Amino acid sequence: MKSKLTTIAALGVAAVLALSGCGGGSGKDSADGTVTLKMVESLTNPTRTDTLKKLLAGFEKDNPNIKVDLISPPTDSADQKIQQMLQSGKGIDVVEARDITVGSFGANKWLYDMSADLDGWEGWDDLTENAVNYSKQDGKTYYIPYGFYGLSLFYRSDLVKDAGFDGPPASWKDLITQSEKLNDPGANKFGYAFRGGANANSNAVAIIEAYTADQVDKENAFLLSNGKTIFSAPEAQTAMDDYLELFKKGSPPSSVAWGYPEMVQGFSNGSTAFLLQDPEVIATIKESTSVKEDQWNVAPLLVGPAGKAIQPVASAGWGIAQSSEHKPEAVKLIKYLAQGEPATTFSKENSLVPILKSAATDPFYSTGPWAAYVTMTENPDTYISAVQPRGVAWWTEWIKKSDGELQRVLTGKMTTKELLTSWDTYWSEKLAG
Amino acid sequence: MAFDAQRTVTRSSETGSASPQPPKEYRHKKRFNARTAWTLAGFMAPAAIFVAIFTYYPMISGSQMAFRNWNLNDLSDTSWIGWGNFVTLFENPEFGTIVRNTVVWVVGSLVPQVVIGFALALFLKRKFRFRSGYQALIFFPWAVSGFLIGMLFRWMFNAEFGVVNDLLMKAGFIDTPIPWLAEPGFAMTAIIIANIWYGVTFFAIMILAALQSVSDEMYEAAAIDGAGKVRTLFSITLPAIAVTLGLTILLRIIWIFNFPDVIWAMTGGGPADQTHIITTYMIKITQEGDYGQASALGLIVVFTLMLFAVFYLMAMRPRKAKR
Amino acid sequence: MIDKQSIFGRVSKITFLSICLIVTIFPLYWIVITSLKAPGAIYELPLKYWPSEISFDNYIGLFTKSDFGRYMVNSLIVATVASTVATLISLLSAYVLARFQFAGRGAVMAAFLLTQMIPGFIALGPLYMMMSNFDLVDSKTGLILVYIAICIPFCTIMLRGFFENVPDALEEAAMIDGCSRLSALFRVLVPVMMPGIAASFIFNFVNCWNELFLSVTLMNSDENKTIPTALAGFISSFNIDWGSMSAAAVLTVVPTLAIFAFASKFIVQGLTAGAVKG
């Protein structure tokens with residue numbers, strides 16, 4: 001009796017094992033010639049995944065013999081996972097490459113150079129200059145951007161007005177003044193949604209670049225035109241001291257640990273009045289129930305004492321794994337996403353700076369929160385575009401290092417002077433090779 | 001693996017010898033032994049194979065990266081660099097903080113877990129109404145994953161919307177919210193509180209189990225001798241469960257040492273890298289792509305724990321003999 | 001005098017047990033409350049300890065916006081199969097380690113103990129490569145195999161303790177009756193050790209059910225994701241969806257709580273049997 005039971009149990013286990021076995025993730029092609037592409041995204045969020053799935057459905061409809069499986073790892077560990085997949089060379093065809101990952105992916109020969117496939121592609125003519133430049137870095141096409149990220153200031157128009165200010169802050173000094181006025185910790189109301197957590201370095205670099213805007217090398221925004229790093233400039237010291245004041249007097253104390261999600265939440269749940277972020281956030285704030293549509297707006301990036309700012313352009317896009325066995329189909333998909341309706345839909349629904357020239361005449365981009373972006377593109381001498389060295393192999397190392405040190409400054413374990421010296425040494429040594 | 005099928009001496013083998021059995025022939029026994037050996041090898045095989053393939057192979061394969069320049073951001077040069085990764089680690093000014101944090105994390109979590117767990121087990125030992133219902137409820141933390149516990153406490157310790165600050169303010173302990181996860185000292189406290197909450201139950205269960213295996217006669221004898229509660233605790237209860245307690249604590253130390261989940265979810269090692277323990281720091285380096293350094297750190301962990309376990313067990317031995 | 005003392009004892013016992021209960025249960029309470037607040041209401045101040053309006057939006061969203069039902073089924077399959085197989089395999093190895101003295105026995109025990117000291121992250125990369133070569137990435141079978149391997153060492157150590165408390169006259173008698181060693185083990189020993197086996201099984205199940213890092217590493221598609229991966233997915237690049245996460249957490253904890261409610265006596269009983277020998 002008992003042994004019978006054991007046998008049954010063992011059989012049951014075997015059956016479940018057999019049933020649950022779904023084979024590997026190699027994307028074997030079925031007999032009818034259908035090709036399955038595995039596409040892996042990195043900057044995952046639910047809304048974006050929905051949009052992407054919609055676009056992929058359209059692609060599959062146009063190409064009945066191609067199927068696309070979208071893989072959406074938790075964004076926190078996505079790039080690490082992508083690295084593993086690329087290294088193993090299996091289960092990945094189309095991949096989301098970011099300006100900060102493409103350098104190392106390319107160096108490891110994990111990405112396929114699409115130059116030859118895209119030679120004479122009709123889509124090139126529709127792309128903005130920026131999009132073309134980013135697609136053809138160092139003569140190689142590792143990815144085509146789907147959009148650009150750039151900083152602008154989200155602000156609470158109602159609070160600014162109630163506090164008696166004429167308009168949103170235009171410079172970092174204004175921001176400090178207004179944030180200090182609006183800061184009221186007792187009521188859980190704060191001025192600025194400070195970035196002290198993950199990627200805190202980005203906004204610190206933004207203020208340093210604004211203060212040194214006159215002298216920044218446009219080809220490498222971490223350098224001055226005299227060849228020294230921006231961190232060595234005396235203006236950088238002023239910038240960091242102001243930045244620390246902004247944190248101490250105008251920001252929530254808990255923002256030492258705030259990364260992207262916490263900052264955006266701090267603004268969208270109504271606890272802070274200012275937020276310096278990518279346009280991507282527009283969609284999120286529109287969904288907020290705590291902040292109504294008429295309570296907020298977007299202003300251009302903050303300028304430094306000389307009235308100028310450096311706009312650090314960041315980008316991400318779709319590339320192809322070197323190991324992919326379906327490169328022609330993958331190229332087809334990437335072309336599809338970079339053209340016409342799909343490209344427009346993707347950048348609009350995710351609020352990205354678009355890659356298509358046609359967007360310039362699109363009313364969508366000249367109204368409401370987008371107006372600030374138009375202002376910035378129309379005044380290239382005030383809002384200077386400069387390239388940050390985001391593609392270097394040591395970028396992740398830099399992020400971790402600089403984030404840690406910035407937090408040390410915020411928690412009083414390091415001075416701004418020590419921080420700048422450390423950053424100056426780091427980049428001087430790295431760039432010297 | 002050689003099986004010579006020599007029986008361990010247990011009290012049951014004494015029972016066996018007491019029962020009348022015909023003496024076995026030498027030859028017969030030997031043949032029997034060889035067959036048994038194959039059976040036993042067959043019994044051991046599945047476990048050995050699984051552990052070898054899915055644990056030891058990746059681990060050993062991962063260990064060799066510790067001696068190579070293995071950085072996923074640039075794999076063009078993966079040459080052997082000897083102890084280079086270890087040197088880099090030891091030269092890192094943060095290494096001291098991380099080691100200190102690890103000790104604080106282990107001791108700070110363990111001691112309250114043992115003390116509260118022990119008290120809980122003592123109270124749960126005697127039957128009372130609703131005891132099994134109470135047990136089921138109190139087991140709850142054990143059912144939650146480390147990651148989820150981290151997220152849950154991160155939400156409760158949220159400076160602006162967290163319930164901890166709200167309760168403290170309502171109770172009048174503080175006037176302004178504490179930025180729990182933004183200030184190194186508070187952040188360390190918060191993660192340890194979360195870990196204590198998680199671990200008390202485990203100890204309570206293990207100790208309760210041990211207590212219930214102490215025979216009632218011993219207590220009765222103590223009662224007849226007129227021993228008080230405190231004396232009974234120290235002269236009967238503690239010695240009786242010392243071995244179980246010792247082993248449980250050892251296992252627990254190893255686990256807490258190797259338990260990054262809660263910290264990773266709550267603070268990610270921040271602010272300013274001030275709440276990193278060795279294993280969270282390892283995740284951090286892995287995410288930066290430096291697998292060489294991460295493996296080196298992993299090896300340091302394995303050897304530290306091994307040494308610790310050996311010394312710990314040696315220190316426990318005399319107590320075992322006394323029993 | 002004696003009366004007073006026992007009253008004091010009772011009061012302190014009740015106080016202590018109540019505090020423990022409240023502290024233990026409060027986070028559960030809070031997560032349930034958070035999950036029942038409407039998405040915007042999570043950020044309302046002053047904090048509400050009971051939602052002014054109970055909303056099931058977070059739960060509905062889980063099943064409409066994400067495939068949470070499928071994740072739950074996946075977790076259930078993976079955890080059940082892995083913990084069952086691991087318990088069976090460990091039963092065999094624990095029996096050998098408990099009953100027989102052989103060269104290398106100490107080494108096997110040490111090798112099993114050592115697995116507990118290895119930080120998992122050292123092995124993740126190579127493990128991924130190996131699984132990828134076997135075509136076992138993004139497959140439930142692959143995850144199950146790895147989980148089995150992870151459960152075996154501790155489960156073996158635990159079960160060994162239980163075996164040592166059962167006299168070996170039992171299976172000896174059965175074997176004299178003509179049973180093979182295997183059937184003796186399952187017919188005679190297993191029934192006696194049932195509480196211990198149940199405790200080990202539950203221990204394995206909870207570990208597999210909650211495992212995050214391996215699942216994130218090895219699973220890709222929505223079809224194969226398990227609950228912990230889905231939970232981690234609620235942290236998107238610019239939002240931590242506390243509402244959905246709380247709802248998902250509640251649903252995740254319910255099955256394990258149910259097992260505990262059903263088997264808490266079993267667990268203590270089981271562990272009691274193994275505890276002394278440790």
# chains A, B, ... in the order shown; residues from 1 in each chain; ligands from 1

$ residues_around --residues "range 150-158 of chain B" --least-positions-apart "2" --cutoff "8 Å" --atoms "only C-alpha atoms" --output "list of chain:residue names"
B:Gly146, B:Phe147, B:Leu148, B:Glu160, B:Phe161, B:Gly162, B:Val163, B:Val164, B:Asn165, B:Pro179, B:Trp180, B:Leu181, B:Ala190, B:Ile191, B:Ala194, B:Asp261, B:Val262, B:Ile263, B:Trp264, B:Ala265, B:Met266, B:Thr267, C:Pro27, C:Ile31, C:Trp242

$ interface_residues --of "chain C" --to "chain A" --cutoff "6 Å" --atoms "only C-alpha atoms" --output "NGL selection string"
:C and (40 or 129 or 135-141 or 187 or 220-221 or 232-233 or 236 or 238-239)

$ write_last_selection --atoms "C-alpha atoms" --output "PDB file, in the first residue's frame"
ATOM      1  CA  GLY C  40      -3.401  57.834  -5.324  1.00  0.00           C
ATOM      2  CA  MET C 129      26.720  29.935 -19.161  1.00  0.00           C
ATOM      3  CA  ASP C 135      19.504  25.032 -23.468  1.00  0.00           C
ATOM      4  CA  LEU C 136      17.999  25.315 -20.003  1.00  0.00           C
ATOM      5  CA  VAL C 137      17.802  29.080 -19.753  1.00  0.00           C
ATOM      6  CA  ASP C 138      14.263  30.383 -19.610  1.00  0.00           C
ATOM      7  CA  SER C 139      12.896  26.935 -18.884  1.00  0.00           C
ATOM      8  CA  LYS C 140      11.046  25.730 -15.825  1.00  0.00           C
ATOM      9  CA  THR C 141      12.902  22.436 -15.956  1.00  0.00           C
ATOM     10  CA  ARG C 187       7.664   1.284   3.847  1.00  0.00           C
ATOM     11  CA  ASN C 220      13.239  35.593 -19.379  1.00  0.00           C
ATOM     12  CA  SER C 221       9.805  35.326 -20.868  1.00  0.00           C
ATOM     13  CA  ALA C 232      11.145  42.923  -8.618  1.00  0.00           C
ATOM     14  CA  GLY C 233       9.534  44.135 -11.833  1.00  0.00           C
ATOM     15  CA  SER C 236      10.542  50.248 -12.892  1.00  0.00           C
ATOM     16  CA  PHE C 238      10.975  55.729 -12.698  1.00  0.00           C
ATOM     17  CA  ASN C 239       8.417  54.329 -10.392  1.00  0.00           C
TER      18      ASN C 239
END

$ residues_around --residues "Pro260 in chain B" --least-positions-apart "2" --cutoff "12 Å" --atoms "only C-alpha atoms" --output "JSON, numbers by chain"
{"B": [102, 105, 106, 145, 146, 147, 149, 150, 191, 192, 195, 255, 256, 257, 258, 262, 263, 264, 265, 266, 267, 268, 269, 275, 276, 277, 278, 279, 280, 281, 282, 283, 284], "C": [119, 120, 121, 212, 213]}

$ interface_residues --of "chain B" --to "chain A" --cutoff "6 Å" --atoms "only C-alpha atoms" --output "list in words"
Asn73, Asp74, Leu75, Pro179, Ala182, Pro271, Ala272 and Glu288 of chain B

$ write_last_selection --atoms "all heavy atoms" --output "PDB file, in the first residue's frame"
ATOM      1  N   ASN B  73      32.866  44.618 -18.776  1.00  0.00           N
ATOM      2  CA  ASN B  73      32.839  45.811 -19.606  1.00  0.00           C
ATOM      3  C   ASN B  73      33.918  45.778 -20.675  1.00  0.00           C
ATOM      4  O   ASN B  73      33.862  46.520 -21.638  1.00  0.00           O
ATOM      5  CB  ASN B  73      33.007  47.066 -18.743  1.00  0.00           C
ATOM      6  CG  ASN B  73      31.831  47.242 -17.825  1.00  0.00           C
ATOM      7  OD1 ASN B  73      30.688  47.017 -18.228  1.00  0.00           O
ATOM      8  ND2 ASN B  73      32.085  47.618 -16.581  1.00  0.00           N
ATOM      9  N   ASP B  74      34.904  44.942 -20.462  1.00  0.00           N
ATOM     10  CA  ASP B  74      35.948  44.821 -21.470  1.00  0.00           C
ATOM     11  C   ASP B  74      36.641  43.475 -21.304  1.00  0.00           C
ATOM     12  O   ASP B  74      37.484  43.308 -20.441  1.00  0.00           O
ATOM     13  CB  ASP B  74      36.960  45.966 -21.319  1.00  0.00           C
ATOM     14  CG  ASP B  74      37.990  45.940 -22.436  1.00  0.00           C
ATOM     15  OD1 ASP B  74      37.845  45.088 -23.339  1.00  0.00           O
ATOM     16  OD2 ASP B  74      38.914  46.756 -22.396  1.00  0.00           O
ATOM     17  N   LEU B  75      36.237  42.539 -22.131  1.00  0.00           N
ATOM     18  CA  LEU B  75      36.767  41.190 -21.980  1.00  0.00           C
ATOM     19  C   LEU B  75      37.935  40.915 -22.929  1.00  0.00           C
ATOM     20  O   LEU B  75      38.309  39.774 -23.157  1.00  0.00           O
ATOM     21  CB  LEU B  75      35.660  40.159 -22.218  1.00  0.00           C
ATOM     22  CG  LEU B  75      34.630  40.041 -21.097  1.00  0.00           C
ATOM     23  CD1 LEU B  75      33.475  39.159 -21.495  1.00  0.00           C
ATOM     24  CD2 LEU B  75      35.283  39.503 -19.838  1.00  0.00           C
ATOM     25  N   PRO B 179      14.812  60.808   8.513  1.00  0.00           N
ATOM     26  CA  PRO B 179      15.113  60.262   7.178  1.00  0.00           C
ATOM     27  C   PRO B 179      15.832  58.922   7.297  1.00  0.00           C
ATOM     28  O   PRO B 179      17.033  58.823   7.094  1.00  0.00           O
ATOM     29  CB  PRO B 179      16.014  61.330   6.549  1.00  0.00           C
ATOM     30  CG  PRO B 179      16.657  62.018   7.705  1.00  0.00           C
ATOM     31  CD  PRO B 179      15.715  61.913   8.870  1.00  0.00           C
ATOM     32  N   ALA B 182      18.272  57.496   4.733  1.00  0.00           N
ATOM     33  CA  ALA B 182      19.162  58.474   4.112  1.00  0.00           C
ATOM     34  C   ALA B 182      20.342  58.810   5.013  1.00  0.00           C
ATOM     35  O   ALA B 182      21.259  59.499   4.597  1.00  0.00           O
ATOM     36  CB  ALA B 182      18.386  59.740   3.789  1.00  0.00           C
ATOM     37  N   PRO B 271      23.136  54.831   2.331  1.00  0.00           N
ATOM     38  CA  PRO B 271      23.720  55.948   1.606  1.00  0.00           C
ATOM     39  C   PRO B 271      25.254  55.962   1.719  1.00  0.00           C
ATOM     40  O   PRO B 271      25.786  55.512   2.730  1.00  0.00           O
ATOM     41  CB  PRO B 271      23.127  57.164   2.327  1.00  0.00           C
ATOM     42  CG  PRO B 271      22.844  56.673   3.706  1.00  0.00           C
ATOM     43  CD  PRO B 271      22.466  55.224   3.548  1.00  0.00           C
ATOM     44  N   ALA B 272      25.863  56.439   0.672  1.00  0.00           N
ATOM     45  CA  ALA B 272      27.322  56.581   0.652  1.00  0.00           C
ATOM     46  C   ALA B 272      28.028  55.268   0.958  1.00  0.00           C
ATOM     47  O   ALA B 272      29.041  55.258   1.635  1.00  0.00           O
ATOM     48  CB  ALA B 272      27.777  57.684   1.615  1.00  0.00           C
ATOM     49  N   GLU B 288      28.674  46.251 -11.514  1.00  0.00           N
ATOM     50  CA  GLU B 288      29.612  47.101 -12.239  1.00  0.00           C
ATOM     51  C   GLU B 288      30.347  46.314 -13.309  1.00  0.00           C
ATOM     52  O   GLU B 288      31.026  46.892 -14.141  1.00  0.00           O
ATOM     53  CB  GLU B 288      30.648  47.693 -11.269  1.00  0.00           C
ATOM     54  CG  GLU B 288      30.113  48.809 -10.403  1.00  0.00           C
ATOM     55  CD  GLU B 288      31.124  49.220  -9.345  1.00  0.00           C
ATOM     56  OE1 GLU B 288      32.333  49.229  -9.645  1.00  0.00           O
ATOM     57  OE2 GLU B 288      30.694  49.513  -8.224  1.00  0.00           O
TER      58      GLU B 288
END

$ residues_around --residues "range 373-380 of chain A" --least-positions-apart "5" --cutoff "8 Å" --atoms "only C-alpha atoms" --output "ChimeraX atom specification"
/A:152,300-301,365-366,385

$ write_last_selection --atoms "N, CA, C and O atoms" --output "PDB file, in the first residue's frame"
ATOM      1  N   SER A 152      15.191  68.825 -18.206  1.00  0.00           N
ATOM      2  CA  SER A 152      14.455  70.081 -18.104  1.00  0.00           C
ATOM      3  C   SER A 152      13.832  70.127 -16.716  1.00  0.00           C
ATOM      4  O   SER A 152      13.816  69.123 -16.013  1.00  0.00           O
ATOM      5  N   PRO A 300      12.756  75.247 -19.176  1.00  0.00           N
ATOM      6  CA  PRO A 300      14.037  74.794 -19.711  1.00  0.00           C
ATOM      7  C   PRO A 300      15.044  74.496 -18.602  1.00  0.00           C
ATOM      8  O   PRO A 300      14.871  74.902 -17.449  1.00  0.00           O
ATOM      9  N   LEU A 301      16.092  73.828 -18.997  1.00  0.00           N
ATOM     10  CA  LEU A 301      17.188  73.486 -18.091  1.00  0.00           C
ATOM     11  C   LEU A 301      17.739  74.745 -17.414  1.00  0.00           C
ATOM     12  O   LEU A 301      17.707  75.827 -17.982  1.00  0.00           O
ATOM     13  N   TYR A 365       4.529  68.662 -30.098  1.00  0.00           N
ATOM     14  CA  TYR A 365       5.780  69.011 -29.452  1.00  0.00           C
ATOM     15  C   TYR A 365       5.947  70.509 -29.179  1.00  0.00           C
ATOM     16  O   TYR A 365       6.978  70.928 -28.675  1.00  0.00           O
ATOM     17  N   SER A 366       4.953  71.317 -29.572  1.00  0.00           N
ATOM     18  CA  SER A 366       5.148  72.746 -29.325  1.00  0.00           C
ATOM     19  C   SER A 366       4.196  73.263 -28.252  1.00  0.00           C
ATOM     20  O   SER A 366       4.157  74.449 -27.953  1.00  0.00           O
ATOM     21  N   SER A 385      24.435  72.054 -26.695  1.00  0.00           N
ATOM     22  CA  SER A 385      24.523  70.600 -26.740  1.00  0.00           C
ATOM     23  C   SER A 385      25.984  70.181 -26.689  1.00  0.00           C
ATOM     24  O   SER A 385      26.794  70.662 -27.471  1.00  0.00           O
TER      25      SER A 385
END

$ atom_distance --atom1 "CA of Gln212 in chain B" --atom2 "CA of Gly226 in chain B"
21.8 Å

$ interface_residues --of "chain C" --to "chain B" --cutoff "6 Å" --atoms "only C-alpha atoms" --output "PDB file with C-alpha atoms, in the first residue's frame"
ATOM      1  CA  ILE C  89      16.765  12.664  -3.017  1.00  0.00           C
ATOM      2  CA  LEU C  92      18.249   8.702   0.368  1.00  0.00           C
ATOM      3  CA  SER C  93      21.474  10.572   1.004  1.00  0.00           C
ATOM      4  CA  PHE C 100      26.753   4.030   7.754  1.00  0.00           C
ATOM      5  CA  GLN C 101      30.348   4.751   8.442  1.00  0.00           C
ATOM      6  CA  PHE C 102      32.473   4.917   5.318  1.00  0.00           C
ATOM      7  CA  ALA C 103      35.611   6.583   4.119  1.00  0.00           C
ATOM      8  CA  MET C 117      28.818  29.256   3.015  1.00  0.00           C
ATOM      9  CA  ILE C 118      29.147  30.043  -0.668  1.00  0.00           C
ATOM     10  CA  PRO C 119      27.704  33.411  -1.583  1.00  0.00           C
ATOM     11  CA  ILE C 122      30.133  33.855  -7.167  1.00  0.00           C
ATOM     12  CA  ALA C 123      28.418  31.125  -9.183  1.00  0.00           C
ATOM     13  CA  PRO C 126      29.193  30.411 -14.772  1.00  0.00           C
ATOM     14  CA  LEU C 127      25.831  28.875 -13.911  1.00  0.00           C
ATOM     15  CA  VAL C 146      18.959  24.273  -9.921  1.00  0.00           C
ATOM     16  CA  ALA C 149      20.519  21.206  -6.106  1.00  0.00           C
ATOM     17  CA  PRO C 167      16.209   2.756  15.605  1.00  0.00           C
ATOM     18  CA  ASP C 168      17.611   0.802  12.701  1.00  0.00           C
ATOM     19  CA  ALA C 169      16.031  -2.387  13.988  1.00  0.00           C
ATOM     20  CA  ASN C 210      10.684  32.888  -2.413  1.00  0.00           C
ATOM     21  CA  THR C 256       2.832  29.921   2.550  1.00  0.00           C
ATOM     22  CA  PHE C 260       1.918  27.134   8.130  1.00  0.00           C
ATOM     23  CA  ALA C 261      -1.534  27.374   9.584  1.00  0.00           C
ATOM     24  CA  SER C 264       2.730  24.548  12.248  1.00  0.00           C
ATOM     25  CA  VAL C 268       7.664  21.844  15.578  1.00  0.00           C
ATOM     26  CA  LEU C 271      12.028  19.507  14.246  1.00  0.00           C
ATOM     27  CA  THR C 272      11.739  18.163  17.778  1.00  0.00           C
ATOM     28  CA  ALA C 275      16.761  18.626  17.072  1.00  0.00           C
ATOM     29  CA  GLY C 278      21.314  18.248  15.144  1.00  0.00           C
TER      30      GLY C 278
END

$ residues_around --residues "Ile176 in chain A" --least-positions-apart "3" --cutoff "12 Å" --atoms "only C-alpha atoms" --output "PyMOL selection string"
chain A and resi 168-173+179-183+190-194+207+239+241-251+273-274+302

$ select_by_dssp --residues "range 40-288 of chain A" --states "strand (DSSP E or B)" --output "PyMOL selection string"
chain A and resi 40+66-71+94-98+111+127+143-149+152-156+171+184+189-192+216+223-224+229+272-277

$ atom_distance --atom1 "CA of Tyr142 in chain A" --atom2 "CA of Asp222 in chain C"
27.2 Å

$ atom_distance --atom1 "CA of Ser157 in chain A" --atom2 "CA of Asn297 in chain A"
6.3 Å

$ closest_residue --among "C:Ser244, C:Ser18, C:Ser200, C:Gln269" --to "Ser55 in chain C" --atoms "only C-alpha atoms"
C:Ser244

$ residues_around --residues "Val188 in chain C" --least-positions-apart "2" --cutoff "12 Å" --atoms "only C-alpha atoms" --output "list in words"
Met1, Lys2 and Ser3 of chain A; Phe163, Val166, Pro167, Asp168, Ala169, Leu170, Glu171, Glu172, Ala173, Ala174, Met175, Asp177, Cys179, Ser180, Arg181, Leu182, Ser183, Ala184, Leu185, Phe186, Val190, Pro191, Val192, Met193 and Met194 of chain C
